[in-house]
file input.cif (mmCIF, C-alpha atoms)
data_structure
loop_
_atom_site.label_atom_id
_atom_site.label_comp_id
_atom_site.auth_asym_id
_atom_site.auth_seq_id
_atom_site.Cartn_x
_atom_site.Cartn_y
_atom_site.Cartn_z
CA MET S 1 47.01 158.21 96.02
CA ASN S 2 44.39 159.56 98.42
CA SER S 3 40.94 159.96 96.93
CA ASP S 4 39.56 162.67 99.26
CA LYS S 5 37.81 165.37 97.19
CA GLN S 6 37.17 167.80 100.06
CA ALA S 7 37.43 171.44 98.94
CA ILE S 8 40.11 173.44 100.69
CA PRO S 9 41.00 177.14 100.52
CA VAL S 10 44.06 178.01 98.50
CA ALA S 11 45.66 181.45 98.75
CA ILE S 12 45.08 182.39 95.11
CA SER S 13 42.27 184.73 95.98
CA LYS S 14 39.64 184.98 98.68
CA ASN S 15 37.02 183.36 96.49
CA ILE S 16 38.86 180.37 95.01
CA SER S 17 39.08 176.90 96.56
CA LEU S 18 40.34 173.60 95.18
CA ASP S 19 39.63 169.97 95.92
CA VAL S 20 42.40 168.14 97.77
CA GLU S 21 43.79 166.13 94.85
CA THR S 22 43.89 169.12 92.51
CA ALA S 23 45.67 171.14 95.17
CA PHE S 24 48.12 168.30 95.78
CA ASN S 25 48.92 167.93 92.08
CA ILE S 26 49.59 171.66 91.80
CA ALA S 27 51.77 171.57 94.93
CA LEU S 28 53.74 168.63 93.56
CA LYS S 29 54.36 170.39 90.23
CA LEU S 30 55.53 173.48 92.10
CA HIS S 31 57.80 171.30 94.25
CA GLN S 32 59.27 169.51 91.23
CA GLY S 33 59.76 172.86 89.49
CA GLY S 34 61.77 174.25 92.40
CA HIS S 35 59.10 176.66 93.64
CA LEU S 36 59.48 175.42 97.18
CA ASP S 37 57.84 178.25 99.12
CA ALA S 38 54.68 178.04 97.03
CA ALA S 39 54.67 174.24 97.26
CA GLU S 40 55.06 174.38 101.03
CA MET S 41 52.17 176.83 101.34
CA LEU S 42 49.90 174.43 99.44
CA TYR S 43 51.12 171.39 101.35
CA ARG S 44 50.27 173.16 104.60
CA ARG S 45 46.79 174.11 103.34
CA ILE S 46 46.09 170.52 102.37
CA LEU S 47 47.18 169.20 105.76
CA ASP S 48 45.05 171.81 107.52
CA ALA S 49 42.03 170.31 105.75
CA THR S 50 43.08 166.64 105.69
CA PRO S 51 45.79 166.01 108.29
CA GLU S 52 46.31 162.38 107.21
CA HIS S 53 46.77 163.01 103.49
CA LEU S 54 49.67 160.59 103.09
CA ASP S 55 51.02 161.84 99.77
CA THR S 56 51.23 165.38 101.10
CA LEU S 57 52.92 164.24 104.30
CA HIS S 58 55.41 162.27 102.19
CA PHE S 59 56.38 165.02 99.75
CA PHE S 60 56.30 167.78 102.34
CA GLY S 61 58.62 165.62 104.43
CA LEU S 62 60.97 165.25 101.45
CA LEU S 63 60.90 169.02 100.94
CA CYS S 64 61.81 169.67 104.56
CA ASN S 65 64.57 167.09 104.50
CA HIS S 66 66.00 168.60 101.30
CA GLN S 67 66.10 171.98 103.04
CA GLN S 68 67.94 170.43 106.01
CA ARG S 69 64.86 170.86 108.22
CA GLN S 70 65.16 167.35 109.56
CA GLU S 71 63.16 167.80 112.74
CA GLU S 72 60.13 168.90 110.72
CA ALA S 73 60.69 166.12 108.21
CA ALA S 74 60.79 163.52 110.98
CA ILE S 75 57.49 164.76 112.44
CA LEU S 76 55.78 164.62 109.05
CA ILE S 77 57.00 161.10 108.30
CA GLN S 78 56.06 159.90 111.78
CA ARG S 79 52.54 161.10 111.04
CA ILE S 80 52.52 158.79 108.00
CA ILE S 81 53.62 155.87 110.17
CA SER S 82 50.94 156.66 112.76
CA ALA S 83 48.29 156.55 110.04
CA ASP S 84 49.83 153.62 108.14
CA PRO S 85 52.13 151.61 110.47
CA GLU S 86 52.97 149.01 107.79
CA ASN S 87 54.27 151.57 105.30
CA ALA S 88 57.80 150.29 104.69
CA ASP S 89 58.73 153.30 102.54
CA ALA S 90 57.88 155.65 105.39
CA HIS S 91 60.05 153.70 107.84
CA ASN S 92 62.90 153.82 105.32
CA ASN S 93 62.45 157.55 104.76
CA LEU S 94 62.39 158.21 108.49
CA GLY S 95 65.65 156.28 108.75
CA ASN S 96 67.16 158.58 106.11
CA VAL S 97 66.12 161.62 108.12
CA PHE S 98 67.58 160.23 111.34
CA ASP S 99 70.77 159.34 109.47
CA GLY S 100 71.08 162.97 108.33
CA MET S 101 70.67 164.06 111.95
CA GLY S 102 73.38 161.70 113.15
CA ARG S 103 70.88 159.60 115.13
CA MET S 104 72.36 156.33 113.97
CA LYS S 105 70.66 153.88 116.34
CA GLU S 106 67.24 155.26 115.49
CA ALA S 107 68.06 155.19 111.77
CA GLU S 108 69.10 151.54 111.98
CA ALA S 109 65.90 150.67 113.84
CA CYS S 110 63.84 152.34 111.11
CA TYR S 111 65.62 150.44 108.35
CA ARG S 112 65.12 147.18 110.24
CA ASN S 113 61.41 148.00 110.55
CA ALA S 114 61.20 148.63 106.82
CA VAL S 115 62.90 145.30 106.02
CA ALA S 116 60.70 143.45 108.50
CA LEU S 117 57.63 144.85 106.76
CA ASN S 118 59.03 144.22 103.29
CA PRO S 119 62.02 141.81 103.12
CA ASP S 120 62.52 142.77 99.46
CA HIS S 121 62.86 146.51 100.15
CA ALA S 122 66.21 147.01 98.42
CA PRO S 123 66.79 150.68 99.46
CA ALA S 124 66.17 149.82 103.11
CA LEU S 125 68.55 146.85 102.88
CA ASN S 126 71.22 149.09 101.37
CA ASN S 127 70.67 151.75 104.02
CA LEU S 128 70.78 149.13 106.76
CA GLY S 129 74.11 148.01 105.35
CA VAL S 130 75.44 151.57 105.69
CA MET S 131 74.46 151.65 109.37
CA LEU S 132 76.00 148.24 110.00
CA MET S 133 79.25 149.26 108.32
CA ALA S 134 79.39 152.39 110.49
CA ARG S 135 79.45 150.22 113.60
CA LYS S 136 81.74 147.64 111.98
CA ALA S 137 79.18 144.83 111.78
CA ILE S 138 80.75 144.02 108.43
CA THR S 139 79.50 140.44 107.97
CA GLU S 140 75.89 141.49 108.49
CA ALA S 141 76.43 144.56 106.30
CA LEU S 142 77.75 142.39 103.48
CA ALA S 143 74.67 140.21 103.65
CA ALA S 144 72.40 143.27 103.46
CA TYR S 145 74.34 144.75 100.54
CA HIS S 146 74.39 141.48 98.62
CA ARG S 147 70.61 141.16 99.00
CA ALA S 148 70.08 144.78 97.90
CA VAL S 149 72.24 144.22 94.81
CA ASN S 150 70.46 140.95 93.96
CA LEU S 151 67.09 142.68 94.22
CA SER S 152 68.16 145.81 92.29
CA PRO S 153 71.25 144.91 90.23
CA ASN S 154 71.24 148.13 88.22
CA ILE S 155 71.52 150.60 91.10
CA SER S 156 75.09 151.92 91.01
CA ASN S 157 75.09 153.14 94.60
CA PHE S 158 74.26 149.66 95.91
CA ARG S 159 77.23 148.27 93.97
CA TYR S 160 79.44 151.05 95.35
CA ASN S 161 78.48 150.32 98.95
CA LEU S 162 79.02 146.60 98.41
CA GLY S 163 82.47 147.40 97.02
CA ASN S 164 83.31 149.39 100.16
CA ALA S 165 82.32 146.48 102.39
CA LEU S 166 84.24 143.94 100.31
CA ARG S 167 87.35 146.16 100.43
CA LYS S 168 87.08 146.40 104.21
CA CYS S 169 86.96 142.60 104.35
CA GLY S 170 90.08 142.30 102.22
CA GLN S 171 88.15 140.79 99.30
CA ILE S 172 90.02 142.94 96.81
CA ASP S 173 89.10 141.28 93.51
CA GLU S 174 85.44 141.18 94.50
CA ALA S 175 85.57 144.85 95.56
CA VAL S 176 87.17 145.84 92.27
CA ALA S 177 84.47 143.97 90.35
CA SER S 178 81.72 145.68 92.34
CA TYR S 179 83.20 149.16 91.82
CA ARG S 180 83.68 148.45 88.12
CA LYS S 181 80.03 147.48 87.77
CA ALA S 182 79.03 150.69 89.59
CA VAL S 183 80.94 152.91 87.15
CA GLU S 184 79.65 150.88 84.22
CA LEU S 185 76.12 151.65 85.41
CA GLU S 186 76.90 155.29 86.24
CA PRO S 187 80.09 156.64 84.58
CA THR S 188 80.00 159.82 86.71
CA HIS S 189 79.79 158.02 90.08
CA VAL S 190 82.70 159.78 91.83
CA GLY S 191 82.67 157.58 94.91
CA ALA S 192 82.91 154.38 92.88
CA TRP S 193 85.82 155.72 90.81
CA GLN S 194 87.54 156.79 94.02
CA GLY S 195 86.95 153.40 95.64
CA LEU S 196 88.18 151.54 92.58
CA SER S 197 91.35 153.57 92.16
CA ARG S 198 92.25 153.66 95.87
CA THR S 199 91.67 149.91 96.21
CA LEU S 200 94.07 149.21 93.36
CA VAL S 201 96.69 151.62 94.69
CA ASP S 202 96.48 150.17 98.20
CA ALA S 203 96.84 146.67 96.71
CA GLY S 204 100.02 147.72 94.90
CA ARG S 205 98.38 147.42 91.48
CA ARG S 206 99.59 150.83 90.32
CA GLU S 207 99.55 150.16 86.59
CA GLU S 208 95.95 149.01 86.81
CA ALA S 209 95.15 152.08 88.93
CA ALA S 210 96.76 154.36 86.34
CA GLY S 211 94.53 152.81 83.70
CA VAL S 212 91.47 153.41 85.88
CA PHE S 213 92.34 157.08 86.28
CA ASN S 214 92.70 157.41 82.52
CA GLU S 215 89.29 155.78 82.06
CA TRP S 216 87.73 158.05 84.67
CA ILE S 217 89.14 161.22 83.12
CA GLU S 218 88.12 160.10 79.63
CA LYS S 219 84.54 159.48 80.73
CA ASP S 220 84.27 162.52 83.02
CA PRO S 221 86.94 164.95 81.73
CA LYS S 222 85.67 168.03 83.59
CA ASN S 223 85.62 166.40 87.02
CA PRO S 224 88.29 168.11 89.18
CA ILE S 225 88.25 165.26 91.68
CA ALA S 226 89.58 162.79 89.08
CA LEU S 227 92.74 164.78 88.39
CA TYR S 228 93.26 165.47 92.08
CA GLN S 229 92.90 161.84 93.08
CA GLN S 230 95.20 160.82 90.22
CA ALA S 231 97.90 163.17 91.52
CA ALA S 232 97.42 162.00 95.12
CA CYS S 233 97.41 158.27 94.42
CA LEU S 234 100.10 158.13 91.75
CA GLY S 235 102.45 160.80 93.09
CA LEU S 236 102.04 163.12 90.10
CA GLU S 237 102.46 166.90 90.20
CA ALA S 238 100.00 168.09 92.81
CA PRO S 239 97.73 171.14 92.67
CA ASP S 240 98.19 173.87 95.27
CA ARG S 241 95.05 172.80 97.13
CA ALA S 242 92.21 170.29 97.07
CA PRO S 243 89.32 171.17 94.73
CA ASP S 244 86.23 172.52 96.46
CA ALA S 245 84.24 169.63 94.96
CA PHE S 246 86.53 167.08 96.62
CA VAL S 247 86.23 168.71 100.04
CA GLN S 248 82.46 169.11 99.76
CA LYS S 249 81.89 165.54 98.67
CA THR S 250 84.24 164.09 101.29
CA PHE S 251 82.54 165.83 104.17
CA ASP S 252 78.96 165.82 102.92
CA ASP S 253 79.23 162.04 102.55
CA MET S 254 80.34 161.54 106.14
CA ALA S 255 78.48 164.35 107.92
CA GLY S 256 75.97 162.13 109.70
CA ARG S 257 78.61 159.80 111.10
CA PHE S 258 81.52 162.23 111.42
CA ASP S 259 81.63 162.81 115.18
CA ASP S 260 81.10 159.18 116.11
CA HIS S 261 83.69 158.01 113.58
CA LEU S 262 86.38 160.46 114.66
CA GLN S 263 85.97 160.33 118.40
CA LYS S 264 85.13 156.67 118.98
CA LYS S 265 87.07 154.98 116.18
CA LEU S 266 90.00 157.31 115.42
CA ASP S 267 90.74 158.65 118.92
CA TYR S 268 90.47 162.20 117.60
CA ARG S 269 91.72 164.86 120.02
CA ALA S 270 92.77 167.79 117.83
CA PRO S 271 90.01 170.18 119.06
CA GLN S 272 90.95 169.58 122.69
CA LEU S 273 94.67 169.95 121.92
CA ILE S 274 94.26 173.27 120.14
CA VAL S 275 92.04 174.80 122.82
CA GLU S 276 94.38 173.62 125.57
CA ALA S 277 97.23 175.40 123.77
CA LEU S 278 95.16 178.59 123.42
CA VAL S 279 94.26 178.68 127.11
CA GLU S 280 97.86 179.60 127.90
CA LEU S 281 97.74 182.61 125.57
CA LEU S 282 94.20 183.97 125.82
CA PRO S 283 92.71 186.10 128.61
CA PRO S 284 90.34 184.34 131.02
CA PRO S 285 87.13 183.17 129.33
CA ASN S 286 84.80 186.18 129.62
CA GLU S 287 82.94 186.13 126.28
CA SER S 288 84.99 189.05 124.96
CA LEU S 289 86.48 187.80 121.67
CA GLY S 290 85.33 187.70 118.09
CA ILE S 291 86.20 184.13 117.06
CA LEU S 292 86.19 182.33 113.72
CA ASP S 293 86.13 178.52 113.60
CA ALA S 294 87.64 178.12 110.12
CA GLY S 295 86.50 174.79 108.74
CA CYS S 296 84.12 174.24 111.64
CA GLY S 297 82.75 170.90 110.40
CA THR S 298 80.08 169.59 112.75
CA GLY S 299 81.19 172.02 115.45
CA LEU S 300 83.46 169.94 117.68
CA CYS S 301 85.51 173.02 118.60
CA GLY S 302 82.48 175.21 119.27
CA PRO S 303 81.60 174.19 122.86
CA LEU S 304 85.28 174.24 123.85
CA ILE S 305 85.95 177.79 122.64
CA LYS S 306 82.49 179.31 123.22
CA PRO S 307 83.27 180.61 126.75
CA TYR S 308 85.80 183.01 125.17
CA ALA S 309 83.47 184.27 122.45
CA ARG S 310 81.53 187.47 122.22
CA LYS S 311 80.60 186.22 118.75
CA LEU S 312 81.44 182.77 117.40
CA VAL S 313 81.32 182.33 113.62
CA GLY S 314 81.78 179.03 111.79
CA VAL S 315 82.65 178.68 108.10
CA ASP S 316 82.76 175.46 106.09
CA LEU S 317 82.37 174.26 102.51
CA SER S 318 80.17 171.31 103.43
CA ALA S 319 76.44 171.97 103.75
CA GLY S 320 76.03 168.63 105.54
CA MET S 321 78.58 169.57 108.18
CA LEU S 322 76.95 172.96 108.72
CA VAL S 323 73.60 171.30 109.36
CA ARG S 324 75.17 169.37 112.22
CA ALA S 325 76.95 172.46 113.52
CA ARG S 326 73.70 174.42 113.44
CA GLY S 327 72.02 171.72 115.46
CA SER S 328 74.49 172.24 118.29
CA GLY S 329 73.19 175.76 118.92
CA THR S 330 76.74 176.89 119.71
CA TYR S 331 77.47 179.28 116.85
CA ASP S 332 76.17 182.81 116.44
CA GLU S 333 76.66 182.62 112.68
CA LEU S 334 77.40 179.82 110.21
CA VAL S 335 78.54 180.44 106.64
CA GLN S 336 79.00 178.05 103.72
CA ALA S 337 82.00 179.38 101.83
CA GLU S 338 85.48 178.62 100.52
CA LEU S 339 87.87 179.57 103.31
CA THR S 340 90.42 181.80 101.54
CA GLY S 341 87.77 183.91 99.85
CA PHE S 342 85.84 184.23 103.08
CA LEU S 343 88.92 185.37 105.02
CA GLN S 344 89.77 187.94 102.37
CA SER S 345 86.30 189.45 102.78
CA GLN S 346 86.59 189.80 106.59
CA LYS S 347 89.10 192.60 107.21
CA ASP S 348 89.88 193.15 110.92
CA ALA S 349 86.84 191.07 111.89
CA PHE S 350 88.25 188.62 114.47
CA ASP S 351 90.43 188.43 117.55
CA LEU S 352 91.00 184.70 117.16
CA ILE S 353 90.91 182.27 114.24
CA LEU S 354 91.26 178.56 114.91
CA SER S 355 91.37 175.94 112.20
CA VAL S 356 91.46 172.26 113.11
CA ASP S 357 92.33 169.73 110.38
CA THR S 358 91.28 172.09 107.60
CA LEU S 359 94.53 173.48 106.24
CA CYS S 360 95.58 169.90 105.45
CA TYR S 361 93.47 170.37 102.30
CA PHE S 362 95.82 173.18 101.25
CA GLY S 363 99.30 172.56 99.92
CA GLU S 364 100.46 176.11 99.27
CA LEU S 365 99.55 178.14 102.37
CA THR S 366 100.43 181.64 101.16
CA SER S 367 96.94 182.81 100.19
CA VAL S 368 95.05 181.35 103.13
CA LEU S 369 97.54 182.68 105.68
CA SER S 370 97.51 186.13 104.07
CA GLY S 371 93.72 186.03 104.23
CA ALA S 372 93.87 185.12 107.93
CA ALA S 373 96.25 188.02 108.57
CA GLN S 374 93.74 190.37 106.92
CA ALA S 375 90.82 188.98 108.89
CA LEU S 376 92.53 189.35 112.29
CA ARG S 377 92.64 192.52 114.30
CA PRO S 378 96.08 193.75 115.42
CA GLY S 379 97.34 191.41 118.14
CA GLY S 380 94.97 188.67 116.98
CA VAL S 381 95.75 184.97 117.31
CA LEU S 382 95.74 182.24 114.67
CA ALA S 383 95.88 178.60 115.78
CA PHE S 384 95.75 175.60 113.45
CA THR S 385 96.79 172.01 112.91
CA LEU S 386 98.49 170.39 109.94
CA GLU S 387 99.76 166.92 109.15
CA ASP S 388 103.52 166.58 109.55
CA ALA S 389 105.59 165.81 106.44
CA GLY S 390 108.57 164.86 108.61
CA ASP S 391 111.72 164.43 106.55
CA ALA S 392 109.82 163.64 103.35
CA THR S 393 110.04 167.21 102.02
CA ASP S 394 111.16 170.72 102.88
CA ASN S 395 107.87 172.13 101.65
CA TRP S 396 104.61 170.22 101.29
CA GLN S 397 103.36 167.06 99.63
CA LEU S 398 100.04 165.53 98.67
CA ASN S 399 99.55 162.08 100.20
CA PRO S 400 97.50 159.19 98.72
CA HIS S 401 94.62 159.74 101.14
CA GLY S 402 94.02 163.17 99.57
CA ARG S 403 95.42 165.40 102.32
CA TYR S 404 98.57 167.49 102.33
CA ALA S 405 101.45 167.29 104.81
CA HIS S 406 103.82 170.17 105.51
CA SER S 407 107.31 170.62 106.86
CA GLN S 408 107.89 172.80 109.89
CA ARG S 409 110.41 174.87 107.93
CA TYR S 410 107.83 175.64 105.25
CA ILE S 411 105.12 176.56 107.78
CA THR S 412 107.45 178.91 109.66
CA GLN S 413 108.52 180.70 106.47
CA ARG S 414 104.97 181.17 105.17
CA LEU S 415 103.80 182.54 108.54
CA LYS S 416 106.69 185.00 108.53
CA ASP S 417 105.84 186.07 104.97
CA ALA S 418 102.25 186.76 106.05
CA GLY S 419 103.37 188.89 109.01
CA PHE S 420 102.81 186.40 111.83
CA ALA S 421 105.03 185.81 114.85
CA VAL S 422 105.16 182.14 115.80
CA THR S 423 104.35 181.49 119.45
CA ARG S 424 104.65 177.70 119.34
CA ILE S 425 104.78 174.74 116.99
CA ASP S 426 104.22 171.44 118.77
CA SER S 427 104.44 167.92 117.42
CA VAL S 428 101.16 166.13 118.24
CA VAL S 429 99.22 163.00 117.34
CA LEU S 430 96.02 164.19 115.66
CA ARG S 431 94.18 160.84 115.44
CA LYS S 432 94.66 157.24 114.34
CA GLU S 433 94.25 155.99 110.80
CA GLY S 434 94.41 152.31 109.95
CA GLY S 435 95.40 151.77 113.58
CA GLU S 436 98.48 153.99 113.16
CA PRO S 437 99.03 157.45 114.67
CA VAL S 438 98.73 160.44 112.33
CA ASN S 439 101.52 162.84 113.28
CA GLY S 440 100.72 166.50 113.09
CA GLN S 441 101.81 169.98 114.02
CA LEU S 442 99.88 172.32 116.27
CA VAL S 443 100.69 175.96 115.50
CA VAL S 444 99.84 179.05 117.53
CA THR S 445 100.84 182.44 116.13
CA THR S 446 99.99 186.14 116.50
CA ILE S 447 99.75 189.04 114.08
#
call {"tool": "encode", "arguments": {"input": "input.cif", "output": "structure tokens"}}
result
Amino acid sequence: MNSDKQAIPVAISKNISLDVETAFNIALKLHQGGHLDAAEMLYRRILDATPEHLDTLHFFGLLCNHQQRQEEAAILIQRIISADPENADAHNNLGNVFDGMGRMKEAEACYRNAVALNPDHAPALNNLGVMLMARKAITEALAAYHRAVNLSPNISNFRYNLGNALRKCGQIDEAVASYRKAVELEPTHVGAWQGLSRTLVDAGRREEAAGVFNEWIEKDPKNPIALYQQAACLGLEAPDRAPDAFVQKTFDDMAGRFDDHLQKKLDYRAPQLIVEALVELLPPPNESLGILDAGCGTGLCGPLIKPYARKLVGVDLSAGMLVRARGSGTYDELVQAELTGFLQSQKDAFDLILSVDTLCYFGELTSVLSGAAQALRPGGVLAFTLEDAGDATDNWQLNPHGRYAHSQRYITQRLKDAGFAVTRIDSVVLRKEGGEPVNGQLVVTTI
């Protein structure tokens, strides 16, 4: 804690001032109590008087990062490092901010700095492992995770990450043991339950997986993800769509690494494919259309469709994805919302709706397609991709990875029911998964 007792003005009244530490303690209590605007005002006052007050820089940085203001957070933490270059916690925190911004190389460098300064910094070792896994340096990642777990054996998230790395290496029994320890430490750790159950299913140990799902549901009975994953992995009766919590967690967890993972590792081309198909139907790009990117994610479609847009709106359930989309500067408006409800609130609002790899989290398409029909102006265009069920079903099915696949017959009928005229349905390869192509359907239709 800083010991500076300099008096600083605080906006309580014109005549009241506080010493730095008193002001900081009040700001921290406001911050912890959720009164973020008041806390920020005090943090700023303190830094005006004492620009190198490290505790204030630290907690103000955390506040900014929590509010997805990563650029500001990075500047504040860099000020800590300038004043105290050997502060391993600050290097680790800066890495976390860069990770949230998708600046993976810089994040890794920060974590390495933290470990160099303090070789026993377990959070930095764990975070370094995450970066190494993202670029498939699995052996080095395993070493970092093992060290983090040895240093802090009771942190469930470290055990979970170690389990992920062990699974990737094919060390199934060791992965199962690591996941089991994670859920023992934290019975509501969704990721660890998911990792444990999926590992067992993939290993053909279905009875053991069934037991895990029963355990999970017993310990966390109100968790919608547990029932959904149980249905997906064990082939039980599937819900009509993925729970919001499942979609949010899936995409929040991968927001920082999403673009790099899809484009460099999975050969993802769905945004390009859908825009190429639209070019044949749309007027020349003259910024004349109201466009909705439904399930915009990090905004991969945005730059491709922007030349056609008078106004480009993105909607997504994942706050983490929207942060990345906002950083692109492409969208005129970004909304965090469930897609069907949002569409139903947007009568005659758009000329074009495109939805890339979003409707694969819906089984039954009736409501979302009816909502799209409402949201489009007469003559409007809807374009979307889905995973192809092939001959497996005449309708739709939920697959073990947690996404739905649909038959062409089902898609055509539901579009007709909603009032759409199908322009084209093309068979496409959406990406690779496990080295294998993921077959999909690209649909363009008008209302």
call {"tool": "closest_atom_pairs", "arguments": {"input": "input.cif", "of": "segment 117-198 of chain S", "to": "segment 222-246 of chain S", "cutoff": "10 Å", "atoms": "all atoms listed in the file", "output": "CSV"}}
result
residue,atom,partner,partner_atom,distance
S:Thr188,CA,S:Asn223,CA,8.7
S:Val190,CA,S:Ile225,CA,7.8
S:Trp193,CA,S:Ala226,CA,8.2
S:Gln194,CA,S:Gln229,CA,7.4
S:Ser197,CA,S:Cys233,CA,8.0
S:Arg198,CA,S:Cys233,CA,7.1
call {"tool": "atom_distance", "arguments": {"input": "input.cif", "atom1": "atom CA of Ala116 of chain S", "atom2": "atom CA of Glu140 of chain S"}}
result
15.3 Å
call {"tool": "atom_distance", "arguments": {"input": "input.cif", "atom1": "atom CA of Thr50 of chain S", "atom2": "atom CA of Asp37 of chain S"}}
result
19.9 Å
call {"tool": "axis_aligned_box", "arguments": {"input": "input.cif", "around": "segment 119-128 of chain S", "padding_each_side": "3 Å", "output": "lines of an AutoDock Vina configuration file"}}
result
center_x = 66.6
center_y = 146.8
center_z = 102.6
size_x = 15.2
size_y = 15.9
size_z = 14.3
call {"tool": "residues_near_point", "arguments": {"input": "input.cif", "point": "(94.2, 164.0, 112.2)", "cutoff": "9 Å", "atoms": "all atoms listed in the file", "output": "PyMOL selection string"}}
result
chain S and resi 262+266+268-270+356-357+385-387+429-433+437-440
call {"tool": "write_last_selection", "arguments": {"input": "input.cif", "atoms": "C-alpha atoms", "output": "PDB file, in the coordinates of the input"}}
result
ATOM      1  CA  LEU S 262      86.380 160.460 114.660  1.00  0.00           C
ATOM      2  CA  LEU S 266      90.000 157.310 115.420  1.00  0.00           C
ATOM      3  CA  TYR S 268      90.470 162.200 117.600  1.00  0.00           C
ATOM      4  CA  ARG S 269      91.720 164.860 120.020  1.00  0.00           C
ATOM      5  CA  ALA S 270      92.770 167.790 117.830  1.00  0.00           C
ATOM      6  CA  VAL S 356      91.460 172.260 113.110  1.00  0.00           C
ATOM      7  CA  ASP S 357      92.330 169.730 110.380  1.00  0.00           C
ATOM      8  CA  THR S 385      96.790 172.010 112.910  1.00  0.00           C
ATOM      9  CA  LEU S 386      98.490 170.390 109.940  1.00  0.00           C
ATOM     10  CA  GLU S 387      99.760 166.920 109.150  1.00  0.00           C
ATOM     11  CA  VAL S 429      99.220 163.000 117.340  1.00  0.00           C
ATOM     12  CA  LEU S 430      96.020 164.190 115.660  1.00  0.00           C
ATOM     13  CA  ARG S 431      94.180 160.840 115.440  1.00  0.00           C
ATOM     14  CA  LYS S 432      94.660 157.240 114.340  1.00  0.00           C
ATOM     15  CA  GLU S 433      94.250 155.990 110.800  1.00  0.00           C
ATOM     16  CA  PRO S 437      99.030 157.450 114.670  1.00  0.00           C
ATOM     17  CA  VAL S 438      98.730 160.440 112.330  1.00  0.00           C
ATOM     18  CA  ASN S 439     101.520 162.840 113.280  1.00  0.00           C
ATOM     19  CA  GLY S 440     100.720 166.500 113.090  1.00  0.00           C
TER      20      GLY S 440
END
call {"tool": "closest_residue", "arguments": {"input": "input.cif", "among": "S:Leu317, S:Leu273, S:Asn399, S:Gln374", "to": "Gly419 of chain S", "atoms": "all atoms listed in the file"}}
result
S:Gln374
call {"tool": "closest_residue", "arguments": {"input": "input.cif", "among": "S:Ser355, S:Ser367, S:Asn92, S:Asn286", "to": "Val315 of chain S", "atoms": "only C-alpha atoms"}}
result
S:Ser355
call {"tool": "resolve_selection", "arguments": {"input": "input.cif", "expression": "the PyMOL selection byres ((chain S and resi 424) around 10)", "output": "list in words"}}
result
Ala277, Ala383, Ala421, Val422, Thr423, Ile425, Asp426, Ser427, Gln441, Leu442, Val443, Val444 and Thr445 of chain S
call {"tool": "residues_near_point", "arguments": {"input": "input.cif", "point": "(77.8, 177.4, 114.6)", "cutoff": "7 Å", "atoms": "only C-alpha atoms", "output": "MDAnalysis selection string"}}
result
chainID S and resid 299 302 313:314 325:326 329:334
call {"tool": "resolve_selection", "arguments": {"input": "input.cif", "expression": "the PyMOL selection byres ((chain S and resi 339) around 8)", "output": "MDAnalysis selection string"}}
result
chainID S and resid 294:295 315:317 337:338 340:343 368
call {"tool": "atom_distance", "arguments": {"input": "input.cif", "atom1": "atom CA of Leu117 of chain S", "atom2": "atom CA of Leu76 of chain S"}}
result
20.0 Å
call {"tool": "closest_residue", "arguments": {"input": "input.cif", "among": "S:Asp220, S:Glu207, S:Glu174, S:Asp202", "to": "His189 of chain S", "atoms": "all atoms listed in the file"}}
result
S:Asp220
call {"tool": "closest_residue", "arguments": {"input": "input.cif", "among": "S:Met41, S:Leu18, S:Ala27, S:Leu200", "to": "Pro400 of chain S", "atoms": "all atoms listed in the file"}}
result
S:Leu200
call {"tool": "resolve_selection", "arguments": {"input": "input.cif", "expression": "the PyMOL selection byres ((chain S and resi 158-165) around 8)", "output": "ChimeraX atom specification"}}
result
/S:126,130,133,138,141-142,145-146,148-149,153,155-157,166-169,174-179,181-182,191-192,195
call {"tool": "closest_residue", "arguments": {"input": "input.cif", "among": "S:Ser17, S:Thr358, S:Gln344, S:Ser152", "to": "Arg45 of chain S", "atoms": "all atoms listed in the file"}}
result
S:Ser17
call {"tool": "residues_around", "arguments": {"input": "input.cif", "residues": "Leu376 of chain S", "least_positions_apart": "5", "cutoff": "7 Å", "atoms": "all atoms listed in the file", "output": "CSV table (one decimal) with C-alpha atoms, in the coordinates of the input"}}
result
chain,number,residue,atom,x,y,z
S,347,LYS,CA,89.1,192.6,107.2
S,348,ASP,CA,89.9,193.2,110.9
S,349,ALA,CA,86.8,191.1,111.9
S,350,PHE,CA,88.2,188.6,114.5
S,351,ASP,CA,90.4,188.4,117.6
S,352,LEU,CA,91.0,184.7,117.2
